[in-house]
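Structure file data-v2.cif; described as mmCIF, C-alpha atoms.
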```
data_query
#
loop_
_atom_site.label_atom_id
_atom_site.label_comp_id
_atom_site.auth_asym_id
_atom_site.auth_seq_id
_atom_site.Cartn_x
_atom_site.Cartn_y
_atom_site.Cartn_z
CA MET P 1180 -8.25 -2.41 -11.05
CA ASP P 1181 -6.59 -0.74 -13.97
CA ARG P 1182 -8.64 -1.60 -17.05
CA ASN P 1183 -5.81 -0.67 -19.39
CA GLN P 1184 -3.79 -3.52 -17.97
CA LEU P 1185 -6.49 -6.06 -18.70
CA GLY P 1186 -5.25 -7.11 -22.13
CA LYS P 1187 -1.74 -7.63 -20.81
CA TRP P 1188 -3.01 -9.70 -17.93
CA LEU P 1189 -5.06 -11.97 -20.13
CA LYS P 1190 -2.09 -12.52 -22.38
CA GLN P 1191 0.17 -13.79 -19.61
CA PRO P 1192 -1.87 -14.52 -16.49
CA ALA P 1193 0.97 -16.40 -14.76
CA LYS P 1194 3.19 -13.34 -14.96
CA MET P 1195 0.49 -11.21 -13.41
CA ALA P 1196 0.09 -13.75 -10.64
CA ASN P 1197 3.82 -13.78 -9.96
CA LYS P 1198 3.96 -10.02 -9.95
CA TYR P 1199 1.29 -9.39 -7.37
CA SER P 1200 2.15 -12.18 -4.98
CA LEU P 1201 5.79 -11.68 -4.15
CA ASN P 1202 6.47 -13.91 -1.19
CA ALA P 1203 9.61 -12.71 0.49
CA VAL P 1204 11.77 -15.28 2.22
CA TYR P 1205 12.30 -14.42 5.85
CA PHE P 1206 16.06 -14.41 5.66
CA CYS P 1207 17.91 -11.98 7.88
CA THR P 1208 21.44 -10.88 7.22
CA GLY P 1209 23.22 -7.76 8.30
CA CYS P 1210 21.65 -4.61 9.65
CA GLY P 1211 19.11 -4.04 6.86
CA ILE P 1212 16.71 -6.52 8.35
CA ILE P 1213 15.80 -3.86 10.90
CA GLU P 1214 13.98 -2.04 8.09
CA ILE P 1215 11.84 -5.06 7.26
CA PRO P 1216 9.53 -5.17 10.35
CA PRO P 1217 8.19 -1.65 9.64
CA VAL P 1218 7.82 -2.61 5.99
CA ILE P 1219 5.64 -5.62 6.65
CA THR P 1220 3.67 -4.25 9.58
CA ALA P 1221 0.98 -1.60 9.79
CA ARG P 1222 3.08 1.53 9.28
CA TRP P 1223 4.01 0.78 5.67
CA ASP P 1224 2.11 -2.47 5.14
CA ALA P 1225 3.84 -4.31 2.35
CA GLU P 1226 0.76 -6.43 1.72
CA ARG P 1227 -0.67 -3.50 -0.23
CA PHE P 1228 1.91 -4.45 -2.82
CA GLY P 1229 1.33 -8.16 -2.47
CA VAL P 1230 4.57 -8.69 -0.57
CA ILE P 1231 4.28 -10.98 2.42
CA PRO P 1232 7.04 -12.78 4.28
CA VAL P 1233 6.96 -16.54 4.21
CA ALA P 1234 8.64 -18.96 6.50
CA THR P 1235 10.44 -21.31 4.15
CA PRO P 1236 12.34 -20.83 0.90
CA ARG P 1237 10.15 -23.48 -0.76
CA GLN P 1238 7.21 -21.06 -0.60
CA GLY P 1239 9.05 -17.90 -1.52
CA ASN P 1240 9.85 -16.18 -4.77
CA LEU P 1241 11.42 -12.92 -3.58
CA PHE P 1242 14.78 -13.01 -1.86
CA MET P 1243 16.04 -9.82 -0.26
CA ILE P 1244 19.66 -9.79 0.86
CA THR P 1245 19.40 -7.17 3.55
CA GLY P 1246 22.98 -6.31 4.37
CA TYR P 1247 26.59 -7.37 4.42
CA VAL P 1248 27.23 -10.97 3.51
CA SER P 1249 29.91 -12.83 5.36
CA LEU P 1250 31.25 -16.09 4.00
CA LYS P 1251 29.17 -18.13 6.39
CA THR P 1252 26.04 -16.23 5.40
CA LEU P 1253 26.84 -16.64 1.73
CA ARG P 1254 26.81 -20.39 2.16
CA ALA P 1255 23.32 -20.17 3.67
CA ILE P 1256 22.21 -17.71 0.96
CA ILE P 1257 23.25 -20.07 -1.83
CA ARG P 1258 21.48 -22.98 -0.21
CA THR P 1259 18.34 -20.91 0.35
CA TYR P 1260 18.38 -19.54 -3.17
CA GLU P 1261 18.73 -22.97 -4.72
CA GLN P 1262 15.77 -24.27 -2.73
CA MET P 1263 13.40 -21.59 -4.00
CA PRO P 1264 11.12 -22.59 -6.88
CA ASP P 1265 11.26 -20.77 -10.22
CA PRO P 1266 10.51 -18.00 -10.95
CA LYS P 1267 12.50 -16.33 -8.20
CA TYR P 1268 13.72 -12.79 -7.87
CA THR P 1269 16.66 -11.51 -5.85
CA VAL P 1270 17.04 -7.97 -4.62
CA GLY P 1271 20.20 -6.70 -2.96
CA PHE P 1272 19.24 -4.29 -0.20
CA GLY P 1273 21.74 -1.69 0.98
CA SER P 1274 25.18 -0.88 -0.27
CA CYS P 1275 27.04 -3.83 1.23
CA PRO P 1276 25.84 -6.54 -1.19
CA ILE P 1277 26.53 -4.18 -4.10
CA ASN P 1278 30.24 -3.60 -3.57
CA GLY P 1279 31.04 -4.35 0.04
CA GLY P 1280 30.06 -0.91 1.32
CA MET P 1281 31.92 -0.05 4.48
CA TYR P 1282 33.28 -3.61 4.54
CA TRP P 1283 35.18 -3.09 1.30
CA ASP P 1284 38.48 -4.23 2.85
CA SER P 1285 37.15 -6.82 5.26
CA TYR P 1286 38.75 -10.23 5.25
CA ASN P 1287 35.54 -12.18 5.70
CA THR P 1288 32.84 -10.24 3.84
CA ILE P 1289 32.15 -10.83 0.17
CA LYS P 1290 32.22 -7.71 -1.95
CA HIS P 1291 30.02 -8.38 -4.97
CA LEU P 1292 27.02 -10.57 -4.37
CA ASP P 1293 26.29 -10.96 -8.08
CA LYS P 1294 29.43 -13.00 -8.53
CA TYR P 1295 27.86 -15.84 -6.55
CA ILE P 1296 24.12 -15.66 -7.16
CA PRO P 1297 22.23 -13.68 -9.81
CA VAL P 1298 20.67 -10.45 -8.61
CA ASP P 1299 17.73 -8.81 -10.35
CA GLY P 1300 17.85 -5.42 -8.72
CA TRP P 1301 19.64 -3.34 -6.16
CA ILE P 1302 18.41 -0.88 -3.58
CA ALA P 1303 21.23 1.53 -2.86
CA GLY P 1304 21.67 3.30 0.44
CA CYS P 1305 22.93 2.73 3.92
CA MET P 1306 20.22 2.13 5.12
CA PRO P 1307 17.50 2.42 2.49
CA ARG P 1308 14.23 3.69 3.89
CA PRO P 1309 11.18 1.40 3.82
CA GLU P 1310 9.80 3.48 0.97
CA ALA P 1311 12.73 2.33 -1.11
CA VAL P 1312 11.53 -1.24 -0.76
CA PHE P 1313 8.25 -0.30 -2.43
CA ILE P 1314 10.02 1.61 -5.18
CA ALA P 1315 12.04 -1.54 -5.72
CA VAL P 1316 8.92 -3.70 -5.74
CA THR P 1317 7.14 -1.53 -8.31
CA HIS P 1318 10.35 -1.47 -10.33
CA LEU P 1319 10.48 -5.24 -10.12
CA TRP P 1320 6.93 -5.37 -11.53
CA THR P 1321 8.12 -3.47 -14.59
CA LEU P 1322 11.10 -5.78 -14.95
CA ILE P 1323 8.88 -8.86 -14.69
CA ASP P 1324 6.56 -7.42 -17.33
CA LYS P 1325 9.47 -6.89 -19.70
CA ASP P 1326 11.05 -10.29 -18.91
CA MET P 1327 14.12 -8.52 -17.58
CA ALA P 1328 13.98 -10.01 -14.08
CA ASN P 1329 15.54 -13.17 -15.40
CA GLY P 1330 18.04 -14.00 -12.67
CA TYR P 1331 16.83 -17.55 -12.31
CA VAL P 1332 17.24 -18.10 -16.06
CA ARG P 1333 20.77 -16.71 -15.93
CA TYR P 1334 21.54 -18.92 -12.97
CA ARG P 1335 20.50 -21.98 -14.95
CA GLU P 1336 22.39 -20.94 -18.08
CA GLN P 1337 25.61 -19.86 -16.39
CA TYR P 1338 25.49 -22.24 -13.49
CA ALA P 1339 28.96 -23.57 -14.21
CA GLN P 1340 30.45 -20.10 -13.71
CA TYR P 1341 28.47 -19.41 -10.56
CA ARG P 1342 29.39 -22.78 -9.11
CA LYS P 1343 33.04 -22.19 -9.96
CA ASN P 1344 33.02 -18.83 -8.18
CA GLN P 1345 31.34 -20.36 -5.16
CA GLU P 1346 33.87 -23.15 -5.02
CA THR P 1347 36.74 -20.69 -5.29
CA LEU P 1348 35.66 -19.31 -1.95
CA PHE P 1349 34.50 -22.40 -0.13
CA GLY P 1350 36.62 -25.12 -1.58
CA LYS P 1351 34.48 -28.12 -2.29
CA LEU P 1352 30.81 -27.47 -1.56
CA ASP P 1353 29.06 -30.15 0.42
CA TRP P 1354 25.92 -30.26 -1.70
CA PRO P 1355 25.52 -31.51 -5.27
CA PRO P 1356 25.23 -29.08 -8.20
CA LEU P 1357 21.73 -27.84 -8.91
CA TYR P 1358 22.14 -27.98 -12.68
CA ALA P 1359 24.57 -29.77 -14.94
CA THR P 1360 27.95 -28.06 -14.88
CA GLY P 1361 29.85 -30.10 -17.44
CA GLY P 1362 30.82 -27.98 -20.45
CA LYS P 1363 30.45 -30.76 -22.99
CA ALA P 1364 27.02 -31.88 -21.80
CA GLN P 1365 25.73 -28.31 -22.07
CA LYS P 1366 26.97 -27.96 -25.61
CA GLY P 1367 25.29 -31.23 -26.51
CA GLN P 1368 22.01 -29.97 -25.10
CA GLN P 1369 22.17 -26.77 -27.06
CA MET T 416 36.27 0.67 51.14
CA ASN T 417 37.29 0.87 47.52
CA ASN T 418 40.93 0.62 48.43
CA GLY T 419 40.29 -2.61 50.23
CA LEU T 420 40.24 -4.74 47.14
CA LYS T 421 43.29 -3.06 45.64
CA GLU T 422 45.30 -3.54 48.80
CA ARG T 423 44.18 -7.10 49.19
CA LEU T 424 45.22 -7.86 45.63
CA GLU T 425 48.60 -6.22 46.07
CA GLU T 426 49.15 -8.07 49.29
CA ALA T 427 48.30 -11.45 47.83
CA PHE T 428 50.20 -10.94 44.58
CA PRO T 429 53.24 -8.73 45.17
CA HIS T 430 54.46 -9.13 41.58
CA ALA T 431 51.26 -7.81 40.05
CA THR T 432 50.67 -4.12 39.50
CA VAL T 433 47.19 -2.94 40.35
CA THR T 434 45.98 0.31 38.86
CA ALA T 435 42.65 1.96 39.40
CA THR T 436 41.58 3.62 36.16
CA THR T 437 38.24 4.87 37.37
CA GLU T 438 36.34 4.40 40.56
CA THR T 439 34.68 1.32 39.21
CA GLU T 440 37.52 -0.34 37.37
CA TYR T 441 40.84 -1.91 38.24
CA ILE T 442 43.55 -3.08 35.94
CA THR T 443 45.77 -5.87 37.19
CA ALA T 444 48.83 -6.47 35.07
CA ALA T 445 50.41 -9.76 35.95
CA GLY T 446 53.08 -12.11 34.80
CA LYS T 447 51.78 -15.02 32.82
CA GLU T 448 52.52 -17.49 35.62
CA SER T 449 50.30 -15.79 38.18
CA VAL T 450 47.25 -15.21 35.98
CA LEU T 451 45.62 -18.48 36.94
CA SER T 452 46.05 -17.87 40.64
CA ILE T 453 44.80 -14.30 40.34
CA LEU T 454 41.72 -15.46 38.47
CA ALA T 455 41.06 -18.20 41.00
CA TYR T 456 41.56 -15.73 43.84
CA LEU T 457 39.19 -13.21 42.25
CA LYS T 458 36.60 -15.89 41.64
CA ASP T 459 36.68 -16.81 45.31
CA THR T 460 36.43 -13.13 46.25
CA GLY T 461 33.15 -12.89 44.37
CA PHE T 462 34.14 -11.93 40.85
CA ASP T 463 32.46 -15.00 39.47
CA HIS T 464 31.50 -13.63 36.07
CA LEU T 465 34.07 -13.72 33.30
CA ALA T 466 32.64 -11.17 30.91
CA LEU T 467 35.27 -11.27 28.20
CA VAL T 468 38.57 -12.73 27.15
CA SER T 469 40.28 -10.63 24.54
CA CYS T 470 43.68 -9.99 23.10
CA VAL T 471 45.76 -6.99 22.02
CA ASP T 472 48.48 -7.29 19.43
CA TRP T 473 51.46 -5.13 20.45
CA ILE T 474 53.36 -5.69 17.25
CA ASP T 475 56.19 -3.23 17.97
CA GLU T 476 56.91 -4.84 21.31
CA LYS T 477 56.45 -8.30 19.80
CA GLU T 478 53.96 -9.30 22.43
CA PHE T 479 50.35 -10.34 22.73
CA GLU T 480 48.39 -9.07 25.68
CA ILE T 481 45.58 -11.31 26.88
CA VAL T 482 42.82 -9.48 28.68
CA TYR T 483 40.31 -10.97 31.08
CA VAL T 484 37.39 -8.81 32.18
CA LEU T 485 35.74 -9.91 35.41
CA SER T 486 32.74 -8.55 37.21
CA PRO T 487 30.68 -9.82 40.12
CA TYR T 488 27.06 -10.72 39.90
CA MET T 489 25.34 -8.11 42.01
CA LYS T 490 22.70 -10.38 43.43
CA ASP T 491 23.45 -12.81 46.25
CA ASN T 492 26.93 -11.43 46.74
CA THR T 493 27.84 -11.08 50.37
CA THR T 494 31.64 -11.03 50.22
CA LEU T 495 31.84 -7.65 48.51
CA SER T 496 30.37 -4.42 49.74
CA GLY T 497 28.39 -2.26 47.39
CA GLU T 498 31.27 0.00 46.47
CA GLU T 499 33.53 -2.90 45.72
CA LYS T 500 31.22 -4.33 43.10
CA THR T 501 33.37 -3.17 40.25
CA ASN T 502 35.07 -4.51 37.19
CA VAL T 503 38.52 -6.02 37.36
CA ILE T 504 40.63 -6.37 34.24
CA VAL T 505 43.48 -8.84 34.37
CA LYS T 506 46.18 -8.49 31.74
CA ALA T 507 49.11 -10.71 30.89
CA ARG T 508 51.68 -10.45 28.14
CA ILE T 509 53.06 -13.36 26.17
CA PRO T 510 55.70 -13.37 23.43
CA ARG T 511 54.46 -13.05 19.88
CA ASP T 512 56.48 -15.89 18.37
CA ASN T 513 54.74 -19.24 18.78
CA PRO T 514 52.22 -17.76 21.19
CA ALA T 515 50.89 -20.21 23.75
CA PHE T 516 49.09 -19.70 27.00
CA GLN T 517 47.46 -21.87 29.58
CA THR T 518 43.70 -22.25 29.39
CA VAL T 519 41.44 -20.92 32.12
CA THR T 520 38.50 -23.16 31.22
CA HIS T 521 38.85 -25.15 34.43
CA ILE T 522 38.28 -21.95 36.44
CA PHE T 523 35.72 -20.28 34.18
CA GLU T 524 33.98 -22.73 31.87
CA ASN T 525 32.59 -19.96 29.71
CA ALA T 526 36.10 -19.04 28.59
CA GLU T 527 35.93 -21.91 26.12
CA PRO T 528 34.44 -20.09 23.10
CA TYR T 529 36.55 -17.00 23.82
CA GLU T 530 39.72 -19.02 23.72
CA ARG T 531 38.62 -20.74 20.54
CA GLU T 532 38.01 -17.30 19.07
CA LEU T 533 41.48 -16.10 20.06
CA HIS T 534 42.97 -19.29 18.69
CA GLU T 535 41.27 -18.66 15.39
CA LEU T 536 41.71 -14.92 15.03
CA PHE T 537 45.13 -14.42 16.69
CA GLY T 538 46.63 -17.89 16.41
CA ILE T 539 47.25 -18.27 20.14
CA HIS T 540 47.46 -21.85 21.29
CA PHE T 541 45.75 -22.54 24.61
CA VAL T 542 47.40 -25.42 26.39
CA GLY T 543 44.89 -27.72 28.03
CA HIS T 544 41.88 -26.53 26.01
CA LYS T 545 39.82 -29.58 25.11
CA ARG T 546 38.14 -28.38 21.93
CA LEU T 547 40.43 -25.96 20.12
CA ILE T 548 38.65 -26.13 16.75
CA PRO T 549 37.59 -23.32 14.38
CA LEU T 550 34.71 -21.19 15.57
CA PHE T 551 33.69 -18.62 12.95
CA LEU T 552 35.84 -18.65 9.88
CA GLU T 553 35.12 -20.57 6.71
CA ARG T 554 38.45 -20.20 5.02
CA ALA T 555 41.94 -21.02 6.23
CA TYR T 556 44.18 -17.98 6.61
CA GLU T 557 47.96 -18.08 6.48
CA VAL T 558 48.25 -15.23 8.98
CA PRO T 559 45.42 -15.17 11.52
CA PRO T 560 43.29 -12.24 10.37
CA PHE T 561 43.21 -10.18 13.56
CA ARG T 562 46.96 -9.87 13.83
CA LYS T 563 48.36 -6.48 12.95
CA ASP T 564 50.58 -7.90 10.21
CA PHE T 565 47.59 -9.35 8.36
CA ASP T 566 47.22 -7.19 5.25
CA THR T 567 43.47 -7.04 4.71
CA ARG T 568 43.66 -4.97 1.53
CA GLN T 569 46.13 -7.32 -0.08
CA TYR T 570 43.98 -10.25 0.99
CA VAL T 571 40.87 -8.69 -0.53
CA LYS T 572 42.79 -8.05 -3.75
CA ASP T 573 44.10 -11.59 -3.87
CA VAL T 574 40.89 -13.40 -3.02
CA PHE T 575 37.73 -11.41 -3.67
CA ASP T 576 38.88 -9.20 -6.52
CA ASN T 577 40.29 -12.17 -8.40
CA ILE T 578 36.90 -13.85 -8.61
CA PRO T 579 35.57 -13.03 -12.07
CA THR T 580 32.21 -11.38 -12.67
CA ILE T 581 29.71 -13.58 -14.43
CA GLU T 582 29.94 -12.98 -18.16
CA GLY T 583 26.75 -11.87 -19.80
CA SER T 584 25.16 -10.88 -16.51
CA LYS T 585 24.86 -7.27 -17.74
CA LYS T 586 22.40 -8.28 -20.44
#
```

I'd like the structure from this file rewritten - as structure tokens, please.
Amino acid sequence: MDRNQLGKWLKQPAKMANKYSLNAVYFCTGCGIIEIPPVITARWDAERFGVIPVATPRQGNLFMITGYVSLKTLRAIIRTYEQMPDPKYTVGFGSCPINGGMYWDSYNTIKHLDKYIPVDGWIAGCMPRPEAVFIAVTHLWTLIDKDMANGYVRYREQYAQYRKNQETLFGKLDWPPLYATGGKAQKGQQ
Amino acid sequence: MNNGLKERLEEAFPHATVTATTETEYITAAGKESVLSILAYLKDTGFDHLALVSCVDWIDEKEFEIVYVLSPYMKDNTTLSGEEKTNVIVKARIPRDNPAFQTVTHIFENAEPYERELHELFGIHFVGHKRLIPLFLERAYEVPPFRKDFDTRQYVKDVFDNIPTIEGSKK
């Protein structure tokens, strides 16, 4: 244990608890998921960093999008993301969620994931090595410390925009809005 | 022995052209009327596995080419000798305007999802198919996206690039 961190921990114990128990949702999309088994098993052992995979989104707080996102997957991603409890952190893994990657002119693959759900960090590369996951995790710790991993806050504040973007692609979504989307109601609350 | 199958096919279907590409592969190009009978004949011969139904868009010739890939299950097959256990590809061309073709689901049941896929991605209507509903795609496309005249870059510009980035997300 790092004694220098002790004061910081005592100030915000919940943040420390969030930081060192990142429960990653077992959500597979694209080819990047092939890097996750070595990450969580004995060779690289993600549990050293407090990262363990969990079975359901209700238990998770780390969401890794591990590859290209087709429209059908995006629908599942939004539903999964909205089911996760706050605070939740999203990491785009690989170049495809960032800007489409090699699917930049595909008819059925979304190009920028952060137009539809908030993303706290990106891991660039095609494919990133498992070490990159741990660099991302340690980076995410820093961001959580500085309150910069605030994707879930942004999602709540700008939900109307996110929902509008999602509905541009899918037409009418078949689940109710997570937060209030009416412009007037939001102004009244502020 | 390898010639046996080729000769038998040519004898039974004089209008079809049978070409051997490699030692283990035949291509049978047929008119669209005789495809069903060729497939039924091949199924009786022992080619009881329909591995793939696919389509090629010959845009310059204004034709679609529907491709059936057949292979026999090796086990329990007594009608074919060892050397004849090959792949047979059956091809048929249909016009590109208002493309329609007869379904083969009553010969090979597993053609059902393949034909739905072709219906969705190439816009080919399969007459007699019982469940010709969308398979993969979430959005409706004006031009089916696997046709050669579908402009993917223009589509990406129109749809994905027009979606605005979330303001204030760079905070």

What are the centre and the three edge lengths of an axis-aligned box that wraps all atoms of range 546-556 of chain T in the file, given that 3 Å is added to every side, written as JSON and rounded to one decimal in Å?
```
{"center_x": 38.9, "center_y": -23.2, "center_z": 13.5, "size_x": 16.5, "size_y": 16.4, "size_z": 22.9}
```

Determine which residues of chain P sit within 9 Å of chain T, taking into account only C-alpha atoms, and present them as JSON, numbers by chain. {"P": [1250, 1251, 1283, 1284, 1285, 1286, 1287, 1289, 1290, 1291, 1293, 1294, 1295, 1297, 1327, 1330, 1333, 1337, 1340, 1341, 1344, 1347, 1348, 1349, 1350]}

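For the residues P:Trp1320, P:Tyr1338, P:Trp1223, P:Phe1272, ranking by smallest atom-to-atom distance to Leu1357 in chain P using all atoms listed in the file places P:Tyr1338 first.
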
Shell of 10 Å around range 428-444 of chain T, all atoms listed in the file, local chain residues under 2 positions omitted, as an NGL selection string: :T and (417-418 or 420-426 or 446-447 or 449-450 or 452-453 or 456 or 480 or 482-486 or 498-508)

Kindly give the distance, in Å, that separates CA of Ile1213 in chain P and CA of Asn1240 in chain P, rounded to a single decimal. 20.8 Å

Which distance in Å separates CA of Pro1266 in chain P and CA of Gly1279 in chain P, to one decimal?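 Answer for the CA of Pro1266 in chain P to CA of Gly1279 in chain P separation: 27.0 Å.
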
Which polymer residues have any atom within 8 Å of an atom of Phe1206 in chain P, counting all atoms listed in the file, with same-chain residues fewer than 2 positions away left out, as a list in words?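 Non-adjacent residues within range: Val1204, Thr1208, Phe1242, Met1243 and Ile1244 of chain P.
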
May I ask for the distance between CA of Ala1359 in chain P and CA of Lys1343 in chain P, given in Å to one decimal place? 12.4 Å

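Of the listed residues T:Arg546, T:Lys563, T:His521, T:His540, the one whose atoms come nearest to Leu451 in chain T is T:His521, with distances taken using all atoms listed in the file.
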
Using the chain letters and numbering of this document, enumerate as a ChimeraX atom specification the residues selected by the PyMOL selection byres ((chain P and resi 1228) around 9). /P:1199-1201,1224-1227,1229-1231,1313,1316-1317

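Residues matched by the PyMOL selection byres ((chain P and resi 1264) around 8) in this file are Arg1237, Gln1238, Gly1239, Asn1240, Glu1261, Gln1262, Met1263, Asp1265, Pro1266 and Lys1267 of chain P.
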
Translate the PyMOL selection byres ((chain T and resi 541-545) around 10), as applied to the file shown, into an explicit residue set as a tab-separated table (two decimals) with C-alpha atoms, in the coordinates of the input.
```tsv
chain	number	residue	atom	x	y	z
T	514	PRO	CA	52.22	-17.76	21.19
T	515	ALA	CA	50.89	-20.21	23.75
T	516	PHE	CA	49.09	-19.70	27.00
T	517	GLN	CA	47.46	-21.87	29.58
T	518	THR	CA	43.70	-22.25	29.39
T	519	VAL	CA	41.44	-20.92	32.12
T	520	THR	CA	38.50	-23.16	31.22
T	521	HIS	CA	38.85	-25.15	34.43
T	526	ALA	CA	36.10	-19.04	28.59
T	527	GLU	CA	35.93	-21.91	26.12
T	530	GLU	CA	39.72	-19.02	23.72
T	531	ARG	CA	38.62	-20.74	20.54
T	533	LEU	CA	41.48	-16.10	20.06
T	534	HIS	CA	42.97	-19.29	18.69
T	538	GLY	CA	46.63	-17.89	16.41
T	539	ILE	CA	47.25	-18.27	20.14
T	540	HIS	CA	47.46	-21.85	21.29
T	546	ARG	CA	38.14	-28.38	21.93
T	547	LEU	CA	40.43	-25.96	20.12
T	548	ILE	CA	38.65	-26.13	16.75
```

Need the shell around Ile1296 in chain P: protein/DNA/RNA residues with any atom at most 9 Å away, counting all atoms listed in the file. Skip same-chain ones fewer than 3 positions apart. Format as a VMD selection string? chain P and resid 1256 to 1257 1260 1269 1292 to 1293 1330 1334 1341 1345

Which residues are close to Cys1305 in chain P, i.e. within 8 Å by all atoms listed in the file, leaving aside same-chain residues fewer than 2 positions away? Reply as a list of chain:residue names.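 Returned residues: P:Gly1273, P:Ser1274, P:Ala1303, P:Pro1307.
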
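All residues of protein, DNA or RNA that reach within 7 Å of Tyr1205 in chain P, judged by only C-alpha atoms and not counting those fewer than 4 positions away in the chain, are P:Pro1232, P:Val1233, P:Ala1234.
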
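Each of P:Ile1302, P:Ala1193, P:Pro1276, P:Thr1235 was compared to Arg1258 in chain P using only C-alpha atoms, and P:Thr1235 turns out to be the nearest.
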